[in-house]
$ cat model.cif   # mmCIF, C-alpha atoms
data_entry
#
loop_
_atom_site.group_PDB
_atom_site.id
_atom_site.type_symbol
_atom_site.label_atom_id
_atom_site.label_comp_id
_atom_site.auth_asym_id
_atom_site.auth_seq_id
_atom_site.Cartn_x
_atom_site.Cartn_y
_atom_site.Cartn_z
ATOM 1 C CA MET A 1 20.008 -16.154 5.137
ATOM 2 C CA THR A 2 17.448 -13.416 5.710
ATOM 3 C CA ASP A 3 16.488 -11.935 9.074
ATOM 4 C CA GLN A 4 12.797 -12.807 9.579
ATOM 5 C CA SER A 5 12.290 -10.639 12.697
ATOM 6 C CA VAL A 6 9.867 -7.777 12.071
ATOM 7 C CA GLY A 7 10.962 -4.368 13.267
ATOM 8 C CA ILE A 8 9.647 -0.814 13.224
ATOM 9 C CA ALA A 9 10.987 1.624 10.661
ATOM 10 C CA ALA A 10 11.573 4.873 12.547
ATOM 11 C CA PRO A 11 11.326 8.360 11.019
ATOM 12 C CA GLY A 12 15.067 8.261 10.374
ATOM 13 C CA ASP A 13 14.562 5.102 8.301
ATOM 14 C CA LYS A 14 11.981 6.698 6.009
ATOM 15 C CA ASP A 15 14.244 7.280 2.998
ATOM 16 C CA LYS A 16 15.575 3.722 3.044
ATOM 17 C CA ALA A 17 12.118 2.213 3.468
ATOM 18 C CA ILE A 18 10.629 4.239 0.638
ATOM 19 C CA ALA A 19 13.590 3.346 -1.595
ATOM 20 C CA THR A 20 12.656 -0.313 -1.116
ATOM 21 C CA LEU A 21 9.050 0.450 -2.024
ATOM 22 C CA GLU A 22 10.177 2.393 -5.096
ATOM 23 C CA LEU A 23 11.960 -0.715 -6.354
ATOM 24 C CA ALA A 24 9.042 -2.968 -5.467
ATOM 25 C CA PHE A 25 6.475 -0.788 -7.267
ATOM 26 C CA ALA A 26 8.558 -0.049 -10.369
ATOM 27 C CA ALA A 27 6.371 -2.337 -12.497
ATOM 28 C CA ASP A 28 3.109 -1.831 -10.585
ATOM 29 C CA PRO A 29 0.222 -1.220 -13.038
ATOM 30 C CA VAL A 30 -1.270 1.677 -11.078
ATOM 31 C CA MET A 31 1.981 3.478 -10.338
ATOM 32 C CA ARG A 32 3.084 3.252 -13.947
ATOM 33 C CA TRP A 33 -0.367 4.331 -15.161
ATOM 34 C CA PHE A 34 0.211 7.488 -13.143
ATOM 35 C CA TRP A 35 3.812 7.881 -14.303
ATOM 36 C CA PRO A 36 4.775 5.860 -17.394
ATOM 37 C CA ASP A 37 7.959 7.917 -17.766
ATOM 38 C CA PRO A 38 10.605 6.262 -15.534
ATOM 39 C CA ALA A 39 12.220 9.581 -14.640
ATOM 40 C CA VAL A 40 8.908 11.071 -13.520
ATOM 41 C CA TYR A 41 8.103 7.922 -11.546
ATOM 42 C CA ARG A 42 11.430 8.068 -9.711
ATOM 43 C CA ALA A 43 11.165 11.805 -9.067
ATOM 44 C CA THR A 44 7.630 11.573 -7.703
ATOM 45 C CA PHE A 45 7.175 8.254 -5.943
ATOM 46 C CA SER A 46 8.743 9.231 -2.607
ATOM 47 C CA ARG A 47 6.549 12.331 -2.231
ATOM 48 C CA PHE A 48 3.494 10.290 -3.200
ATOM 49 C CA VAL A 49 4.180 7.669 -0.536
ATOM 50 C CA GLY A 50 4.851 10.397 2.009
ATOM 51 C CA ALA A 51 1.522 12.092 1.317
ATOM 52 C CA ILE A 52 -0.425 8.856 1.666
ATOM 53 C CA ALA A 53 1.426 6.947 4.358
ATOM 54 C CA GLY A 54 4.260 9.091 5.715
ATOM 55 C CA GLU A 55 2.549 9.297 9.108
ATOM 56 C CA ALA A 56 3.155 5.571 9.581
ATOM 57 C CA PHE A 57 6.764 6.379 10.459
ATOM 58 C CA GLU A 58 5.761 8.841 13.183
ATOM 59 C CA HIS A 59 3.113 6.500 14.597
ATOM 60 C CA ARG A 60 5.408 3.443 14.671
ATOM 61 C CA THR A 61 3.222 1.506 12.233
ATOM 62 C CA ALA A 62 5.845 1.324 9.473
ATOM 63 C CA LEU A 63 7.131 -2.243 9.578
ATOM 64 C CA TRP A 64 10.164 -3.771 7.922
ATOM 65 C CA LEU A 65 12.507 -6.722 8.043
ATOM 66 C CA ASP A 66 15.666 -8.098 6.439
ATOM 67 C CA ASP A 67 17.507 -4.808 6.989
ATOM 68 C CA GLY A 68 14.797 -2.858 5.191
ATOM 69 C CA HIS A 69 14.453 -5.083 2.134
ATOM 70 C CA ALA A 70 10.758 -5.647 2.933
ATOM 71 C CA VAL A 71 8.467 -2.818 4.040
ATOM 72 C CA ALA A 72 4.813 -2.405 5.003
ATOM 73 C CA LEU A 73 3.292 0.982 5.804
ATOM 74 C CA TRP A 74 0.110 0.591 7.837
ATOM 75 C CA LEU A 75 -2.272 3.349 8.855
ATOM 76 C CA PRO A 76 -4.162 2.602 12.088
ATOM 77 C CA PRO A 77 -7.753 3.728 12.670
ATOM 78 C CA GLY A 78 -8.106 7.500 12.486
ATOM 79 C CA LEU A 79 -4.904 8.104 10.520
ATOM 80 C CA VAL A 80 -5.509 9.294 6.953
ATOM 81 C CA ALA A 81 -3.599 10.514 3.925
ATOM 82 C CA ASP A 82 -2.750 14.174 3.351
ATOM 83 C CA ASP A 83 -5.265 14.697 0.547
ATOM 84 C CA ASP A 84 -4.192 18.298 -0.148
ATOM 85 C CA ALA A 85 -0.553 17.294 -0.631
ATOM 86 C CA LEU A 86 -1.623 14.290 -2.692
ATOM 87 C CA LEU A 87 -3.730 16.414 -5.022
ATOM 88 C CA GLN A 88 -0.869 18.864 -5.540
ATOM 89 C CA ILE A 89 1.565 16.061 -6.352
ATOM 90 C CA MET A 90 -0.775 14.563 -8.926
ATOM 91 C CA LEU A 91 -1.525 17.905 -10.572
ATOM 92 C CA GLU A 92 2.208 18.586 -10.883
ATOM 93 C CA SER A 93 3.292 15.158 -12.120
ATOM 94 C CA VAL A 94 0.506 13.387 -14.024
ATOM 95 C CA ASP A 95 -0.172 13.914 -17.728
ATOM 96 C CA PRO A 96 -3.105 16.378 -17.963
ATOM 97 C CA ASP A 97 -4.870 14.021 -20.381
ATOM 98 C CA LEU A 98 -5.054 11.464 -17.584
ATOM 99 C CA LEU A 99 -6.525 13.708 -14.904
ATOM 100 C CA THR A 100 -10.203 13.105 -15.696
ATOM 101 C CA ASP A 101 -9.824 9.331 -15.458
ATOM 102 C CA LEU A 102 -7.575 9.706 -12.421
ATOM 103 C CA SER A 103 -10.130 11.863 -10.598
ATOM 104 C CA ALA A 104 -12.911 9.346 -11.236
ATOM 105 C CA PHE A 105 -10.598 6.504 -10.198
ATOM 106 C CA ALA A 106 -9.733 8.259 -6.924
ATOM 107 C CA ASP A 107 -13.414 8.923 -6.194
ATOM 108 C CA ILE A 108 -14.266 5.233 -6.513
ATOM 109 C CA ILE A 109 -11.279 4.267 -4.366
ATOM 110 C CA HIS A 110 -12.623 6.581 -1.649
ATOM 111 C CA GLU A 111 -16.126 5.134 -1.997
ATOM 112 C CA HIS A 112 -14.830 1.634 -1.285
ATOM 113 C CA HIS A 113 -12.788 2.683 1.731
ATOM 114 C CA PRO A 114 -14.477 1.308 4.864
ATOM 115 C CA VAL A 115 -16.142 3.653 7.336
ATOM 116 C CA VAL A 116 -15.703 1.245 10.265
ATOM 117 C CA ASP A 117 -12.513 1.358 12.320
ATOM 118 C CA HIS A 118 -9.813 -0.567 10.488
ATOM 119 C CA TRP A 119 -6.127 -0.804 9.660
ATOM 120 C CA TYR A 120 -5.263 0.299 6.125
ATOM 121 C CA LEU A 121 -2.303 -1.016 4.129
ATOM 122 C CA PRO A 122 -1.582 1.458 1.307
ATOM 123 C CA PHE A 123 1.951 0.184 0.601
ATOM 124 C CA THR A 124 3.843 -3.029 1.114
ATOM 125 C CA GLY A 125 6.690 -4.328 -0.979
ATOM 126 C CA VAL A 126 9.868 -6.347 -1.145
ATOM 127 C CA ASP A 127 13.085 -5.417 -2.930
ATOM 128 C CA PRO A 128 13.036 -7.516 -6.147
ATOM 129 C CA PHE A 129 16.566 -8.689 -5.291
ATOM 130 C CA VAL A 130 15.196 -10.753 -2.367
ATOM 131 C CA GLN A 131 11.660 -11.552 -3.486
ATOM 132 C CA GLY A 132 10.376 -15.103 -3.178
ATOM 133 C CA LYS A 133 11.735 -15.690 0.336
ATOM 134 C CA GLY A 134 8.506 -15.117 2.249
ATOM 135 C CA LEU A 135 9.398 -11.658 3.535
ATOM 136 C CA GLY A 136 6.149 -10.045 2.412
ATOM 137 C CA SER A 137 4.093 -12.839 3.950
ATOM 138 C CA THR A 138 5.975 -12.502 7.237
ATOM 139 C CA LEU A 139 5.212 -8.780 7.382
ATOM 140 C CA LEU A 140 1.550 -9.407 6.578
ATOM 141 C CA GLN A 141 1.156 -12.132 9.210
ATOM 142 C CA HIS A 142 2.733 -9.888 11.839
ATOM 143 C CA ALA A 143 0.359 -6.993 11.206
ATOM 144 C CA LEU A 144 -2.744 -9.159 10.883
ATOM 145 C CA ALA A 145 -1.997 -10.713 14.269
ATOM 146 C CA THR A 146 -2.227 -7.199 15.718
ATOM 147 C CA CYS A 147 -5.530 -6.611 13.907
ATOM 148 C CA ASP A 148 -6.898 -9.848 15.351
ATOM 149 C CA LEU A 149 -5.650 -9.030 18.839
ATOM 150 C CA HIS A 150 -7.504 -5.711 18.806
ATOM 151 C CA GLU A 151 -10.497 -7.118 16.883
ATOM 152 C CA LEU A 152 -10.096 -4.704 13.986
ATOM 153 C CA ALA A 153 -10.615 -5.204 10.262
ATOM 154 C CA ALA A 154 -7.857 -4.697 7.698
ATOM 155 C CA TYR A 155 -8.300 -3.064 4.293
ATOM 156 C CA LEU A 156 -6.157 -2.680 1.178
ATOM 157 C CA GLU A 157 -6.296 -2.344 -2.587
ATOM 158 C CA ALA A 158 -4.656 -5.070 -4.667
ATOM 159 C CA SER A 159 -3.279 -3.855 -7.991
ATOM 160 C CA THR A 160 -2.437 -7.211 -9.591
ATOM 161 C CA VAL A 161 -4.149 -10.587 -9.823
ATOM 162 C CA ARG A 162 -1.116 -12.146 -8.147
ATOM 163 C CA SER A 163 -1.325 -9.865 -5.122
ATOM 164 C CA ARG A 164 -5.110 -10.312 -4.923
ATOM 165 C CA LEU A 165 -4.672 -14.079 -4.726
ATOM 166 C CA LEU A 166 -1.975 -13.686 -2.071
ATOM 167 C CA TYR A 167 -4.228 -11.518 0.087
ATOM 168 C CA GLU A 168 -7.090 -13.968 -0.309
ATOM 169 C CA ARG A 169 -4.857 -16.640 1.244
ATOM 170 C CA PHE A 170 -4.553 -14.402 4.303
ATOM 171 C CA GLY A 171 -8.315 -14.005 4.711
ATOM 172 C CA PHE A 172 -9.013 -10.896 2.638
ATOM 173 C CA ARG A 173 -12.131 -10.884 0.473
ATOM 174 C CA GLU A 174 -12.895 -8.705 -2.505
ATOM 175 C CA ILE A 175 -15.476 -6.008 -1.775
ATOM 176 C CA GLY A 176 -15.277 -4.291 -5.146
ATOM 177 C CA ALA A 177 -13.381 -4.069 -8.414
ATOM 178 C CA ILE A 178 -12.305 -0.611 -9.541
ATOM 179 C CA GLN A 179 -11.575 0.316 -13.132
ATOM 180 C CA VAL A 180 -12.262 3.643 -14.839
ATOM 181 C CA GLY A 181 -11.439 4.681 -18.390
ATOM 182 C CA THR A 182 -7.781 3.938 -19.055
ATOM 183 C CA SER A 183 -7.013 2.811 -15.507
ATOM 184 C CA PRO A 184 -5.816 -0.677 -14.627
ATOM 185 C CA ARG A 185 -8.156 -2.828 -12.544
ATOM 186 C CA VAL A 186 -7.768 -2.654 -8.776
ATOM 187 C CA TRP A 187 -9.475 -4.834 -6.180
ATOM 188 C CA ALA A 188 -10.683 -3.352 -2.890
ATOM 189 C CA MET A 189 -10.199 -6.025 -0.227
ATOM 190 C CA MET A 190 -11.305 -6.354 3.383
ATOM 191 C CA ARG A 191 -10.378 -8.804 6.114
ATOM 192 C CA ASP A 192 -12.461 -9.257 9.240
ATOM 193 C CA PRO A 193 -10.571 -10.004 12.440
ATOM 194 C CA ILE A 194 -10.215 -13.676 13.292
ATOM 195 C CA PRO A 195 -11.045 -14.399 16.945
ATOM 196 C CA PRO A 196 -8.576 -16.464 18.962
ATOM 197 C CA ARG A 197 -9.287 -20.189 19.144
#
$ encode --input "model.cif" --output "structure tokens"
Amino acid sequence: MTDQSVGIAAPGDKDKAIATLELAFAADPVMRWFWPDPAVYRATFSRFVGAIAGEAFEHRTALWLDDGHAVALWLPPGLVADDDALLQIMLESVDPDLLTDLSAFADIIHEHHPVVDHWYLPFTGVDPFVQGKGLGSTLLQHALATCDLHELAAYLEASTVRSRLLYERFGFREIGAIQVGTSPRVWAMMRDPIPPR
């Protein structure tokens, strides 16, 4: 039986939470486009997540449940990735032949990012050992209730057709498809707040 109560992953929980995400993203098309070598993926993923969404732990917007087997790192309005650290990580870890496509890919990702106040979900994942039990949906419902309460939009990028369809069921709509050169296709998705009935 899994614990379906959503909690906050504190800064001291960061390593455990990111370990769950590392497992969840091990077959993700974008992550493995960046790092097809498993050893490079494992050596780099934690720093990558930290550069993009590490502040979620400090701001109490890193959510988890089932003893950390499901994790969602949300960035509230005004909180952004550490672009300098992110660039350094990619320059150090990505195959140089990929960098031109990667740069163009990143530019288009930035172009689709909303300029209105919103919550951004760069990472959410469930340990494959416990997938299929509704943990990811529970985390998503919890966060979207907060977005609705504060009348704020939510934004994310879906990296698989399966995840895109899941997000559509929760009210997200596609606002653009992103694919450059050798990159996999990614869908930029936005959800407007739903007013209370």
$ residues_around --input "model.cif" --residues "stretch 171-174 of chain A" --least-positions-apart "5" --cutoff "8 Å" --atoms "only C-alpha atoms" --output "PyMOL selection string"
chain A and resi 187-192
$ closest_residue --input "model.cif" --among "A:Arg47, A:Arg60, A:Arg42, A:His112" --to "A:Pro11" --atoms "all atoms listed in the file"
A:Arg60
$ axis_aligned_box --input "model.cif" --around "stretch 89-95 of chain A" --padding-each-side "5 Å" --output "AutoDock Vina command-line options"
--center_x 0.9 --center_y 16.0 --center_z -12.0 --size_x 14.8 --size_y 15.2 --size_z 21.4
$ residues_around --input "model.cif" --residues "A:Ala26" --least-positions-apart "6" --cutoff "10 Å" --atoms "all atoms listed in the file" --output "PyMOL selection string"
chain A and resi 32+36+38+41-42+45+128
$ write_last_selection --input "model.cif" --atoms "C-alpha atoms" --output "mmCIF file, keeping the file's coordinate frame"
data_model
loop_
_atom_site.group_PDB
_atom_site.id
_atom_site.type_symbol
_atom_site.label_atom_id
_atom_site.label_comp_id
_atom_site.auth_asym_id
_atom_site.auth_seq_id
_atom_site.Cartn_x
_atom_site.Cartn_y
_atom_site.Cartn_z
ATOM 1 C CA ARG A 32 3.084 3.252 -13.947
ATOM 2 C CA PRO A 36 4.775 5.860 -17.394
ATOM 3 C CA PRO A 38 10.605 6.262 -15.534
ATOM 4 C CA TYR A 41 8.103 7.922 -11.546
ATOM 5 C CA ARG A 42 11.430 8.068 -9.711
ATOM 6 C CA PHE A 45 7.175 8.254 -5.943
ATOM 7 C CA PRO A 128 13.036 -7.516 -6.147
#
$ residues_near_point --input "model.cif" --point "(5.0, 8.8, 9.6)" --cutoff "12 Å" --atoms "all atoms listed in the file" --output "PyMOL selection string"
chain A and resi 8-15+17-18+49-63+73-76+79-82
$ resolve_selection --input "model.cif" --expression "the PyMOL selection byres ((chain A and resi 95) around 12)" --output "JSON, numbers by chain"
{"A": [32, 33, 34, 35, 36, 37, 40, 41, 89, 90, 91, 92, 93, 94, 96, 97, 98, 99, 100, 101, 102]}
$ closest_residue --input "model.cif" --among "A:Arg197, A:Ala145, A:Thr44, A:Ile175" --to "A:Glu111" --atoms "all atoms listed in the file"
A:Ile175
$ resolve_selection --input "model.cif" --expression "the PyMOL selection byres ((chain A and resi 131) around 12)" --output "VMD selection string"
chain A and resid 2 20 23 to 24 66 69 to 71 125 to 130 132 to 137
$ atom_distance --input "model.cif" --atom1 "atom CA of A:Leu152" --atom2 "atom CA of A:His113"
14.6 Å
$ closest_residue --input "model.cif" --among "A:Ala85, A:Cys147, A:Leu140, A:Ile109" --to "A:Glu168" --atoms "all atoms listed in the file"
A:Leu140
$ resolve_selection --input "model.cif" --expression "the PyMOL selection byres ((chain A and resi 123) around 6)" --output "list in words"
Ala72, Leu73, Leu121, Pro122 and Thr124 of chain A
$ atom_distance --input "model.cif" --atom1 "atom CA of A:Thr160" --atom2 "atom CA of A:Gly176"
13.9 Å
$ closest_residue --input "model.cif" --among "A:Ser103, A:Ser46, A:Pro77, A:His142" --to "A:Ser5" --atoms "all atoms listed in the file"
A:His142
$ atom_distance --input "model.cif" --atom1 "atom CA of A:Ala154" --atom2 "atom CA of A:Val180"
24.4 Å
$ closest_residue --input "model.cif" --among "A:Met31, A:Asp107, A:Tyr155, A:Val116" --to "A:Ile178" --atoms "all atoms listed in the file"
A:Asp107
$ closest_residue --input "model.cif" --among "A:Ile194, A:Leu166, A:Val161, A:Ile108" --to "A:Pro29" --atoms "all atoms listed in the file"
A:Val161
$ build_atoms --input "model.cif" --residues "stretch 28-54 of chain A" --atoms "N, CA, C and O atoms" --output "PDB file, in the coordinates of the input"
ATOM      1  N   ASP A  28       4.505  -1.770 -11.037  1.00  0.00           N
ATOM      2  CA  ASP A  28       3.109  -1.831 -10.585  1.00  0.00           C
ATOM      3  C   ASP A  28       2.190  -1.154 -11.606  1.00  0.00           C
ATOM      4  O   ASP A  28       2.466  -0.027 -12.047  1.00  0.00           O
ATOM      5  N   PRO A  29       1.092  -1.794 -12.000  1.00  0.00           N
ATOM      6  CA  PRO A  29       0.222  -1.220 -13.038  1.00  0.00           C
ATOM      7  C   PRO A  29      -0.332   0.152 -12.698  1.00  0.00           C
ATOM      8  O   PRO A  29      -0.433   1.022 -13.572  1.00  0.00           O
ATOM      9  N   VAL A  30      -0.694   0.379 -11.445  1.00  0.00           N
ATOM     10  CA  VAL A  30      -1.270   1.677 -11.078  1.00  0.00           C
ATOM     11  C   VAL A  30      -0.204   2.755 -11.056  1.00  0.00           C
ATOM     12  O   VAL A  30      -0.397   3.852 -11.608  1.00  0.00           O
ATOM     13  N   MET A  31       0.921   2.468 -10.411  1.00  0.00           N
ATOM     14  CA  MET A  31       1.981   3.478 -10.338  1.00  0.00           C
ATOM     15  C   MET A  31       2.444   3.891 -11.728  1.00  0.00           C
ATOM     16  O   MET A  31       2.664   5.067 -12.000  1.00  0.00           O
ATOM     17  N   ARG A  32       2.576   2.916 -12.625  1.00  0.00           N
ATOM     18  CA  ARG A  32       3.084   3.252 -13.947  1.00  0.00           C
ATOM     19  C   ARG A  32       1.983   3.791 -14.855  1.00  0.00           C
ATOM     20  O   ARG A  32       2.274   4.386 -15.899  1.00  0.00           O
ATOM     21  N   TRP A  33       0.727   3.610 -14.491  1.00  0.00           N
ATOM     22  CA  TRP A  33      -0.367   4.331 -15.161  1.00  0.00           C
ATOM     23  C   TRP A  33      -0.261   5.816 -14.816  1.00  0.00           C
ATOM     24  O   TRP A  33      -0.393   6.679 -15.684  1.00  0.00           O
ATOM     25  N   PHE A  34      -0.002   6.094 -13.545  1.00  0.00           N
ATOM     26  CA  PHE A  34       0.211   7.488 -13.143  1.00  0.00           C
ATOM     27  C   PHE A  34       1.416   8.083 -13.867  1.00  0.00           C
ATOM     28  O   PHE A  34       1.357   9.195 -14.389  1.00  0.00           O
ATOM     29  N   TRP A  35       2.522   7.352 -13.837  1.00  0.00           N
ATOM     30  CA  TRP A  35       3.812   7.881 -14.303  1.00  0.00           C
ATOM     31  C   TRP A  35       4.507   6.870 -15.224  1.00  0.00           C
ATOM     32  O   TRP A  35       5.416   6.147 -14.796  1.00  0.00           O
ATOM     33  N   PRO A  36       4.122   6.798 -16.476  1.00  0.00           N
ATOM     34  CA  PRO A  36       4.775   5.860 -17.394  1.00  0.00           C
ATOM     35  C   PRO A  36       6.231   6.222 -17.691  1.00  0.00           C
ATOM     36  O   PRO A  36       7.028   5.348 -18.032  1.00  0.00           O
ATOM     37  N   ASP A  37       6.575   7.494 -17.553  1.00  0.00           N
ATOM     38  CA  ASP A  37       7.959   7.917 -17.766  1.00  0.00           C
ATOM     39  C   ASP A  37       8.781   7.526 -16.530  1.00  0.00           C
ATOM     40  O   ASP A  37       8.474   7.957 -15.418  1.00  0.00           O
ATOM     41  N   PRO A  38       9.826   6.712 -16.693  1.00  0.00           N
ATOM     42  CA  PRO A  38      10.605   6.262 -15.534  1.00  0.00           C
ATOM     43  C   PRO A  38      11.186   7.409 -14.703  1.00  0.00           C
ATOM     44  O   PRO A  38      11.234   7.318 -13.476  1.00  0.00           O
ATOM     45  N   ALA A  39      11.623   8.462 -15.374  1.00  0.00           N
ATOM     46  CA  ALA A  39      12.220   9.581 -14.640  1.00  0.00           C
ATOM     47  C   ALA A  39      11.170  10.282 -13.775  1.00  0.00           C
ATOM     48  O   ALA A  39      11.456  10.670 -12.638  1.00  0.00           O
ATOM     49  N   VAL A  40       9.974  10.427 -14.295  1.00  0.00           N
ATOM     50  CA  VAL A  40       8.908  11.071 -13.520  1.00  0.00           C
ATOM     51  C   VAL A  40       8.501  10.172 -12.350  1.00  0.00           C
ATOM     52  O   VAL A  40       8.279  10.638 -11.226  1.00  0.00           O
ATOM     53  N   TYR A  41       8.423   8.867 -12.621  1.00  0.00           N
ATOM     54  CA  TYR A  41       8.103   7.922 -11.546  1.00  0.00           C
ATOM     55  C   TYR A  41       9.116   8.049 -10.406  1.00  0.00           C
ATOM     56  O   TYR A  41       8.751   8.204  -9.241  1.00  0.00           O
ATOM     57  N   ARG A  42      10.386   8.013 -10.744  1.00  0.00           N
ATOM     58  CA  ARG A  42      11.430   8.068  -9.711  1.00  0.00           C
ATOM     59  C   ARG A  42      11.434   9.402  -8.979  1.00  0.00           C
ATOM     60  O   ARG A  42      11.680   9.456  -7.776  1.00  0.00           O
ATOM     61  N   ALA A  43      11.142  10.480  -9.685  1.00  0.00           N
ATOM     62  CA  ALA A  43      11.165  11.805  -9.067  1.00  0.00           C
ATOM     63  C   ALA A  43       9.954  12.051  -8.166  1.00  0.00           C
ATOM     64  O   ALA A  43      10.011  12.910  -7.285  1.00  0.00           O
ATOM     65  N   THR A  44       8.889  11.285  -8.373  1.00  0.00           N
ATOM     66  CA  THR A  44       7.630  11.573  -7.703  1.00  0.00           C
ATOM     67  C   THR A  44       7.243  10.563  -6.640  1.00  0.00           C
ATOM     68  O   THR A  44       6.552  10.896  -5.679  1.00  0.00           O
ATOM     69  N   PHE A  45       7.681   9.334  -6.775  1.00  0.00           N
ATOM     70  CA  PHE A  45       7.175   8.254  -5.943  1.00  0.00           C
ATOM     71  C   PHE A  45       7.335   8.532  -4.450  1.00  0.00           C
ATOM     72  O   PHE A  45       6.408   8.311  -3.656  1.00  0.00           O
ATOM     73  N   SER A  46       8.489   9.007  -4.030  1.00  0.00           N
ATOM     74  CA  SER A  46       8.743   9.231  -2.607  1.00  0.00           C
ATOM     75  C   SER A  46       7.754  10.241  -2.017  1.00  0.00           C
ATOM     76  O   SER A  46       7.211  10.027  -0.920  1.00  0.00           O
ATOM     77  N   ARG A  47       7.512  11.328  -2.715  1.00  0.00           N
ATOM     78  CA  ARG A  47       6.549  12.331  -2.231  1.00  0.00           C
ATOM     79  C   ARG A  47       5.148  11.751  -2.167  1.00  0.00           C
ATOM     80  O   ARG A  47       4.380  12.041  -1.246  1.00  0.00           O
ATOM     81  N   PHE A  48       4.806  10.930  -3.147  1.00  0.00           N
ATOM     82  CA  PHE A  48       3.494  10.290  -3.200  1.00  0.00           C
ATOM     83  C   PHE A  48       3.289   9.384  -1.984  1.00  0.00           C
ATOM     84  O   PHE A  48       2.258   9.463  -1.295  1.00  0.00           O
ATOM     85  N   VAL A  49       4.269   8.546  -1.701  1.00  0.00           N
ATOM     86  CA  VAL A  49       4.180   7.669  -0.536  1.00  0.00           C
ATOM     87  C   VAL A  49       4.093   8.494   0.744  1.00  0.00           C
ATOM     88  O   VAL A  49       3.300   8.194   1.644  1.00  0.00           O
ATOM     89  N   GLY A  50       4.881   9.549   0.822  1.00  0.00           N
ATOM     90  CA  GLY A  50       4.851  10.397   2.009  1.00  0.00           C
ATOM     91  C   GLY A  50       3.489  11.027   2.251  1.00  0.00           C
ATOM     92  O   GLY A  50       3.026  11.109   3.390  1.00  0.00           O
ATOM     93  N   ALA A  51       2.839  11.462   1.177  1.00  0.00           N
ATOM     94  CA  ALA A  51       1.522  12.092   1.317  1.00  0.00           C
ATOM     95  C   ALA A  51       0.469  11.092   1.773  1.00  0.00           C
ATOM     96  O   ALA A  51      -0.440  11.433   2.540  1.00  0.00           O
ATOM     97  N   ILE A  52       0.576   9.859   1.315  1.00  0.00           N
ATOM     98  CA  ILE A  52      -0.425   8.856   1.666  1.00  0.00           C
ATOM     99  C   ILE A  52      -0.124   8.179   3.001  1.00  0.00           C
ATOM    100  O   ILE A  52      -1.015   8.009   3.840  1.00  0.00           O
ATOM    101  N   ALA A  53       1.120   7.811   3.216  1.00  0.00           N
ATOM    102  CA  ALA A  53       1.426   6.947   4.358  1.00  0.00           C
ATOM    103  C   ALA A  53       2.627   7.400   5.178  1.00  0.00           C
ATOM    104  O   ALA A  53       3.121   6.646   6.018  1.00  0.00           O
ATOM    105  N   GLY A  54       3.094   8.621   4.976  1.00  0.00           N
ATOM    106  CA  GLY A  54       4.260   9.091   5.715  1.00  0.00           C
ATOM    107  C   GLY A  54       4.073   9.099   7.221  1.00  0.00           C
ATOM    108  O   GLY A  54       5.028   8.919   7.985  1.00  0.00           O
TER     109      GLY A  54
END
